[in-house]
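query-v7.cif (mmCIF, N, CA and C atoms) appears below.
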data_my_file
#
loop_
_atom_site.group_PDB
_atom_site.id
_atom_site.type_symbol
_atom_site.label_atom_id
_atom_site.label_comp_id
_atom_site.auth_asym_id
_atom_site.auth_seq_id
_atom_site.Cartn_x
_atom_site.Cartn_y
_atom_site.Cartn_z
ATOM 1 N N MET A 559 48.848 -178.884 79.331
ATOM 2 C CA MET A 559 48.644 -179.460 80.639
ATOM 3 C C MET A 559 47.470 -178.798 81.355
ATOM 4 N N LYS A 560 47.298 -177.501 81.120
ATOM 5 C CA LYS A 560 46.207 -176.799 81.782
ATOM 6 C C LYS A 560 44.854 -177.347 81.330
ATOM 7 N N THR A 561 44.725 -177.618 80.046
ATOM 8 C CA THR A 561 43.470 -178.146 79.503
ATOM 9 C C THR A 561 43.183 -179.533 80.080
ATOM 10 N N LEU A 562 44.182 -180.354 80.187
ATOM 11 C CA LEU A 562 44.020 -181.687 80.755
ATOM 12 C C LEU A 562 43.527 -181.605 82.201
ATOM 13 N N GLY A 563 44.062 -180.674 82.953
ATOM 14 C CA GLY A 563 43.633 -180.481 84.344
ATOM 15 C C GLY A 563 42.163 -180.093 84.426
ATOM 16 N N TRP A 564 41.718 -179.186 83.553
ATOM 17 C CA TRP A 564 40.306 -178.775 83.557
ATOM 18 C C TRP A 564 39.389 -179.928 83.142
ATOM 19 N N VAL A 565 39.826 -180.698 82.164
ATOM 20 C CA VAL A 565 39.023 -181.837 81.720
ATOM 21 C C VAL A 565 38.908 -182.864 82.844
ATOM 22 N N LEU A 566 40.008 -183.182 83.495
ATOM 23 C CA LEU A 566 39.971 -184.143 84.596
ATOM 24 C C LEU A 566 39.127 -183.632 85.760
ATOM 25 N N THR A 567 39.216 -182.361 86.071
ATOM 26 C CA THR A 567 38.395 -181.771 87.135
ATOM 27 C C THR A 567 36.915 -181.884 86.789
ATOM 28 N N GLY A 568 36.571 -181.603 85.545
ATOM 29 C CA GLY A 568 35.177 -181.716 85.112
ATOM 30 C C GLY A 568 34.675 -183.151 85.193
ATOM 31 N N LEU A 569 35.501 -184.093 84.793
ATOM 32 C CA LEU A 569 35.110 -185.506 84.871
ATOM 33 C C LEU A 569 34.930 -185.964 86.314
ATOM 34 N N VAL A 570 35.799 -185.527 87.193
ATOM 35 C CA VAL A 570 35.674 -185.896 88.608
ATOM 36 C C VAL A 570 34.383 -185.325 89.181
ATOM 37 N N LEU A 571 34.064 -184.092 88.865
ATOM 38 C CA LEU A 571 32.813 -183.490 89.346
ATOM 39 C C LEU A 571 31.600 -184.227 88.792
ATOM 40 N N LEU A 572 31.649 -184.608 87.534
ATOM 41 C CA LEU A 572 30.545 -185.343 86.921
ATOM 42 C C LEU A 572 30.344 -186.699 87.601
ATOM 43 N N VAL A 573 31.428 -187.392 87.872
ATOM 44 C CA VAL A 573 31.339 -188.684 88.552
ATOM 45 C C VAL A 573 30.769 -188.509 89.957
ATOM 46 N N MET A 574 31.154 -187.456 90.661
ATOM 47 C CA MET A 574 30.633 -187.212 92.010
ATOM 48 C C MET A 574 29.135 -186.938 91.983
ATOM 49 N N VAL A 575 28.669 -186.162 91.028
ATOM 50 C CA VAL A 575 27.239 -185.860 90.920
ATOM 51 C C VAL A 575 26.459 -187.128 90.591
ATOM 52 N N LEU A 576 26.950 -187.929 89.664
ATOM 53 C CA LEU A 576 26.277 -189.179 89.328
ATOM 54 C C LEU A 576 26.253 -190.144 90.513
ATOM 55 N N ALA A 577 27.331 -190.202 91.275
ATOM 56 C CA ALA A 577 27.375 -191.084 92.444
ATOM 57 C C ALA A 577 26.363 -190.633 93.490
ATOM 58 N N MET A 578 26.207 -189.338 93.680
ATOM 59 C CA MET A 578 25.218 -188.840 94.639
ATOM 60 C C MET A 578 23.807 -189.181 94.178
ATOM 61 N N GLN A 579 23.546 -189.137 92.886
ATOM 62 C CA GLN A 579 22.235 -189.493 92.363
ATOM 63 C C GLN A 579 21.943 -190.974 92.608
ATOM 64 N N VAL A 580 22.911 -191.823 92.372
ATOM 65 C CA VAL A 580 22.723 -193.258 92.570
ATOM 66 C C VAL A 580 22.523 -193.564 94.047
ATOM 67 N N MET A 581 23.307 -192.964 94.918
ATOM 68 C CA MET A 581 23.172 -193.203 96.349
ATOM 69 C C MET A 581 21.836 -192.686 96.863
ATOM 70 N N GLY A 582 21.342 -191.621 96.304
ATOM 71 C CA GLY A 582 20.052 -191.076 96.712
ATOM 72 C C GLY A 582 18.907 -191.996 96.352
ATOM 73 N N ARG A 583 19.017 -192.739 95.294
ATOM 74 C CA ARG A 583 17.954 -193.656 94.879
ATOM 75 C C ARG A 583 17.917 -194.915 95.718
ATOM 76 N N THR A 584 19.029 -195.296 96.318
ATOM 77 C CA THR A 584 19.048 -196.538 97.066
ATOM 78 C C THR A 584 18.440 -196.400 98.458
ATOM 79 N N ARG A 585 18.248 -195.182 98.912
ATOM 80 C CA ARG A 585 17.622 -195.004 100.214
ATOM 81 C C ARG A 585 16.144 -195.326 100.127
ATOM 82 N N PRO A 586 15.591 -195.983 101.157
ATOM 83 C CA PRO A 586 14.163 -196.267 101.126
ATOM 84 C C PRO A 586 13.338 -194.990 101.223
ATOM 85 N N VAL A 587 12.279 -194.923 100.438
ATOM 86 C CA VAL A 587 11.409 -193.756 100.455
ATOM 87 C C VAL A 587 10.591 -193.740 101.732
ATOM 88 N N HIS A 588 10.072 -194.887 102.113
ATOM 89 C CA HIS A 588 9.265 -195.001 103.311
ATOM 90 C C HIS A 588 10.054 -195.796 104.340
ATOM 91 N N GLY A 589 9.969 -195.388 105.587
ATOM 92 C CA GLY A 589 10.558 -196.190 106.638
ATOM 93 C C GLY A 589 9.618 -197.347 106.943
ATOM 94 N N CYS A 590 10.113 -198.545 106.884
ATOM 95 C CA CYS A 590 9.281 -199.712 107.154
ATOM 96 C C CYS A 590 9.190 -199.907 108.657
ATOM 97 N N THR A 591 7.999 -199.734 109.197
ATOM 98 C CA THR A 591 7.798 -199.932 110.625
ATOM 99 C C THR A 591 7.376 -201.357 110.933
ATOM 100 N N SER A 592 6.937 -202.102 109.928
ATOM 101 C CA SER A 592 6.573 -203.507 110.104
ATOM 102 C C SER A 592 6.980 -204.265 108.846
ATOM 103 N N THR A 593 6.615 -205.538 108.765
ATOM 104 C CA THR A 593 7.017 -206.321 107.596
ATOM 105 C C THR A 593 6.109 -206.082 106.404
ATOM 106 N N VAL A 594 4.905 -205.538 106.631
ATOM 107 C CA VAL A 594 3.984 -205.238 105.536
ATOM 108 C C VAL A 594 3.468 -203.819 105.727
ATOM 109 N N VAL A 595 3.562 -203.005 104.684
ATOM 110 C CA VAL A 595 3.030 -201.643 104.727
ATOM 111 C C VAL A 595 2.097 -201.438 103.542
ATOM 112 N N ILE A 596 1.115 -200.576 103.719
ATOM 113 C CA ILE A 596 0.184 -200.248 102.641
ATOM 114 C C ILE A 596 0.412 -198.791 102.277
ATOM 115 N N GLY A 597 0.572 -198.545 100.998
ATOM 116 C CA GLY A 597 0.828 -197.191 100.525
ATOM 117 C C GLY A 597 0.098 -196.930 99.231
ATOM 118 N N GLN A 598 0.553 -195.901 98.513
ATOM 119 C CA GLN A 598 -0.052 -195.542 97.236
ATOM 120 C C GLN A 598 0.926 -195.830 96.114
ATOM 121 N N GLY A 599 0.377 -196.360 95.023
ATOM 122 C CA GLY A 599 1.183 -196.629 93.838
ATOM 123 C C GLY A 599 1.407 -195.362 93.038
ATOM 124 N N PRO A 600 2.039 -195.474 91.884
ATOM 125 C CA PRO A 600 2.355 -194.307 91.064
ATOM 126 C C PRO A 600 1.113 -193.576 90.544
ATOM 127 N N ARG A 601 0.005 -194.280 90.384
ATOM 128 C CA ARG A 601 -1.220 -193.643 89.910
ATOM 129 C C ARG A 601 -2.235 -193.403 91.027
ATOM 130 N N GLY A 602 -1.798 -193.534 92.270
ATOM 131 C CA GLY A 602 -2.665 -193.272 93.404
ATOM 132 C C GLY A 602 -3.435 -194.477 93.910
ATOM 133 N N GLU A 603 -3.280 -195.625 93.274
ATOM 134 C CA GLU A 603 -3.991 -196.827 93.705
ATOM 135 C C GLU A 603 -3.300 -197.412 94.944
ATOM 136 N N PRO A 604 -4.067 -198.093 95.823
ATOM 137 C CA PRO A 604 -3.442 -198.685 97.003
ATOM 138 C C PRO A 604 -2.571 -199.892 96.627
ATOM 139 N N VAL A 605 -1.414 -199.986 97.237
ATOM 140 C CA VAL A 605 -0.529 -201.122 97.035
ATOM 141 C C VAL A 605 -0.070 -201.641 98.397
ATOM 142 N N GLU A 606 0.193 -202.923 98.461
ATOM 143 C CA GLU A 606 0.684 -203.566 99.662
ATOM 144 C C GLU A 606 2.153 -203.905 99.416
ATOM 145 N N CYS A 607 3.025 -203.495 100.317
ATOM 146 C CA CYS A 607 4.455 -203.706 100.126
ATOM 147 C C CYS A 607 5.025 -204.553 101.258
ATOM 148 N N VAL A 608 5.955 -205.417 100.914
ATOM 149 C CA VAL A 608 6.634 -206.271 101.885
ATOM 150 C C VAL A 608 8.009 -205.670 102.153
ATOM 151 N N CYS A 609 8.363 -205.574 103.428
ATOM 152 C CA CYS A 609 9.654 -205.013 103.813
ATOM 153 C C CYS A 609 10.579 -206.112 104.313
ATOM 154 N N VAL A 610 11.833 -206.036 103.906
ATOM 155 C CA VAL A 610 12.853 -206.962 104.364
ATOM 156 C C VAL A 610 13.987 -206.127 104.948
ATOM 157 N N GLU A 611 14.293 -206.336 106.211
ATOM 158 C CA GLU A 611 15.352 -205.618 106.921
ATOM 159 C C GLU A 611 15.174 -204.097 106.830
ATOM 160 N N GLY A 612 13.935 -203.628 106.920
ATOM 161 C CA GLY A 612 13.645 -202.200 106.945
ATOM 162 C C GLY A 612 13.615 -201.526 105.593
ATOM 163 N N VAL A 613 13.718 -202.281 104.503
ATOM 164 C CA VAL A 613 13.712 -201.732 103.153
ATOM 165 C C VAL A 613 12.576 -202.361 102.367
ATOM 166 N N VAL A 614 11.855 -201.530 101.582
ATOM 167 C CA VAL A 614 10.765 -202.043 100.771
ATOM 168 C C VAL A 614 11.325 -203.031 99.752
ATOM 169 N N SER A 615 10.801 -204.257 99.773
ATOM 170 C CA SER A 615 11.312 -205.298 98.892
ATOM 171 C C SER A 615 10.470 -205.412 97.631
ATOM 172 N N THR A 616 9.166 -205.596 97.797
ATOM 173 C CA THR A 616 8.291 -205.743 96.634
ATOM 174 C C THR A 616 6.904 -205.225 96.984
ATOM 175 N N CYS A 617 6.182 -204.773 95.969
ATOM 176 C CA CYS A 617 4.825 -204.256 96.157
ATOM 177 C C CYS A 617 3.884 -204.956 95.182
ATOM 178 N N PHE A 618 2.633 -205.102 95.596
ATOM 179 C CA PHE A 618 1.634 -205.753 94.749
ATOM 180 C C PHE A 618 0.258 -205.202 95.101
ATOM 181 N N ASP A 619 -0.721 -205.479 94.237
ATOM 182 C CA ASP A 619 -2.084 -205.047 94.487
ATOM 183 C C ASP A 619 -2.650 -205.803 95.683
ATOM 184 N N PRO A 620 -3.312 -205.086 96.612
ATOM 185 C CA PRO A 620 -3.884 -205.792 97.756
ATOM 186 C C PRO A 620 -5.021 -206.687 97.291
ATOM 187 N N GLY A 621 -5.120 -207.830 97.895
ATOM 188 C CA GLY A 621 -6.152 -208.769 97.506
ATOM 189 C C GLY A 621 -6.794 -209.423 98.729
ATOM 190 N N PRO A 622 -7.701 -210.341 98.466
ATOM 191 C CA PRO A 622 -8.408 -210.994 99.578
ATOM 192 C C PRO A 622 -7.502 -211.882 100.417
#

Structure encoded using structure tokens:
Amino acid sequence: MKTLGWVLTGLVLLVMVLAMQVMGRTRPVHGCTSTVVIGQGPRGEPVECVCVEGVVSTCFDPGP
């Protein structure tokens, strides 16, 4: 019974850590102050992003 308790405790802790990781990813990185924001992409290139309800929805290369 003691081993089962330790295994269950370890599994509960693992699930809690994974849940915190998932919840951390769902938060917006940038606060959307308007419906369109301009930022930097993963390689430093400029990108234009559209915000819906204060959350970044999609990003694309800025164009004419």

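The spacing separating atom CA of A:Glu611 from atom CA of A:Cys590 amounts to 8.5 Å.
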
Select from stretch 570-617 of chain A everything DSSP, run on the backbone, classes as strand (DSSP E), then give the selection as a PyMOL selection string.
-> chain A and resi 594-598+604-610+613-617

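Here atom CA of A:Phe618 and atom CA of A:Val605 stand 5.6 Å from one another.
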
* **Residues selected by the PyMOL selection byres ((chain A and resi 609) around 7), written as an NGL selection string** => :A and (590 or 592-595 or 607-608 or 610-616)

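Interatomic distance, atom N of A:Met574 against atom N of A:Leu562: 18.2 Å.
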
Please complete stretch 590-616 of chain A so it has N, CA, C and O atoms, and hand it over as a short mmCIF file (atom, residue, chain, number, x, y, z; two decimals), keeping the file's coordinate frame.
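In the end it all went to result10.cif:
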data_model
loop_
_atom_site.label_atom_id
_atom_site.label_comp_id
_atom_site.auth_asym_id
_atom_site.auth_seq_id
_atom_site.Cartn_x
_atom_site.Cartn_y
_atom_site.Cartn_z
N CYS A 590 10.11 -198.54 106.88
CA CYS A 590 9.28 -199.71 107.15
C CYS A 590 9.19 -199.91 108.66
O CYS A 590 10.18 -200.19 109.31
N THR A 591 8.00 -199.73 109.20
CA THR A 591 7.80 -199.93 110.62
C THR A 591 7.38 -201.36 110.93
O THR A 591 7.41 -201.77 112.08
N SER A 592 6.94 -202.10 109.93
CA SER A 592 6.57 -203.51 110.10
C SER A 592 6.98 -204.26 108.85
O SER A 592 7.59 -203.71 107.94
N THR A 593 6.62 -205.54 108.76
CA THR A 593 7.02 -206.32 107.60
C THR A 593 6.11 -206.08 106.40
O THR A 593 6.48 -206.37 105.27
N VAL A 594 4.90 -205.54 106.63
CA VAL A 594 3.98 -205.24 105.54
C VAL A 594 3.47 -203.82 105.73
O VAL A 594 3.04 -203.46 106.81
N VAL A 595 3.56 -203.00 104.68
CA VAL A 595 3.03 -201.64 104.73
C VAL A 595 2.10 -201.44 103.54
O VAL A 595 2.26 -202.06 102.49
N ILE A 596 1.12 -200.58 103.72
CA ILE A 596 0.18 -200.25 102.64
C ILE A 596 0.41 -198.79 102.28
O ILE A 596 0.46 -197.92 103.14
N GLY A 597 0.57 -198.54 101.00
CA GLY A 597 0.83 -197.19 100.52
C GLY A 597 0.10 -196.93 99.23
O GLY A 597 -0.86 -197.63 98.88
N GLN A 598 0.55 -195.90 98.51
CA GLN A 598 -0.05 -195.54 97.24
C GLN A 598 0.93 -195.83 96.11
O GLN A 598 2.12 -195.56 96.23
N GLY A 599 0.38 -196.36 95.02
CA GLY A 599 1.18 -196.63 93.84
C GLY A 599 1.41 -195.36 93.04
O GLY A 599 0.98 -194.27 93.42
N PRO A 600 2.04 -195.47 91.88
CA PRO A 600 2.36 -194.31 91.06
C PRO A 600 1.11 -193.58 90.54
O PRO A 600 1.16 -192.38 90.31
N ARG A 601 0.00 -194.28 90.38
CA ARG A 601 -1.22 -193.64 89.91
C ARG A 601 -2.24 -193.40 91.03
O ARG A 601 -3.40 -193.15 90.77
N GLY A 602 -1.80 -193.53 92.27
CA GLY A 602 -2.66 -193.27 93.40
C GLY A 602 -3.44 -194.48 93.91
O GLY A 602 -4.18 -194.37 94.87
N GLU A 603 -3.28 -195.62 93.27
CA GLU A 603 -3.99 -196.83 93.70
C GLU A 603 -3.30 -197.41 94.94
O GLU A 603 -2.11 -197.24 95.14
N PRO A 604 -4.07 -198.09 95.82
CA PRO A 604 -3.44 -198.68 97.00
C PRO A 604 -2.57 -199.89 96.63
O PRO A 604 -2.93 -200.67 95.76
N VAL A 605 -1.41 -199.99 97.24
CA VAL A 605 -0.53 -201.12 97.04
C VAL A 605 -0.07 -201.64 98.40
O VAL A 605 0.03 -200.89 99.36
N GLU A 606 0.19 -202.92 98.46
CA GLU A 606 0.68 -203.57 99.66
C GLU A 606 2.15 -203.90 99.42
O GLU A 606 2.49 -204.51 98.40
N CYS A 607 3.02 -203.50 100.32
CA CYS A 607 4.46 -203.71 100.13
C CYS A 607 5.03 -204.55 101.26
O CYS A 607 4.63 -204.42 102.41
N VAL A 608 5.96 -205.42 100.91
CA VAL A 608 6.63 -206.27 101.88
C VAL A 608 8.01 -205.67 102.15
O VAL A 608 8.73 -205.29 101.23
N CYS A 609 8.36 -205.57 103.43
CA CYS A 609 9.65 -205.01 103.81
C CYS A 609 10.58 -206.11 104.31
O CYS A 609 10.16 -207.01 105.04
N VAL A 610 11.83 -206.04 103.91
CA VAL A 610 12.85 -206.96 104.36
C VAL A 610 13.99 -206.13 104.95
O VAL A 610 14.56 -205.29 104.25
N GLU A 611 14.29 -206.34 106.21
CA GLU A 611 15.35 -205.62 106.92
C GLU A 611 15.17 -204.10 106.83
O GLU A 611 16.13 -203.35 106.63
N GLY A 612 13.94 -203.63 106.92
CA GLY A 612 13.64 -202.20 106.94
C GLY A 612 13.62 -201.53 105.59
O GLY A 612 13.51 -200.32 105.50
N VAL A 613 13.72 -202.28 104.50
CA VAL A 613 13.71 -201.73 103.15
C VAL A 613 12.58 -202.36 102.37
O VAL A 613 12.34 -203.57 102.45
N VAL A 614 11.86 -201.53 101.58
CA VAL A 614 10.76 -202.04 100.77
C VAL A 614 11.32 -203.03 99.75
O VAL A 614 12.21 -202.70 98.98
N SER A 615 10.80 -204.26 99.77
CA SER A 615 11.31 -205.30 98.89
C SER A 615 10.47 -205.41 97.63
O SER A 615 11.00 -205.35 96.53
N THR A 616 9.17 -205.60 97.80
CA THR A 616 8.29 -205.74 96.63
C THR A 616 6.90 -205.22 96.98
O THR A 616 6.51 -205.23 98.13
#
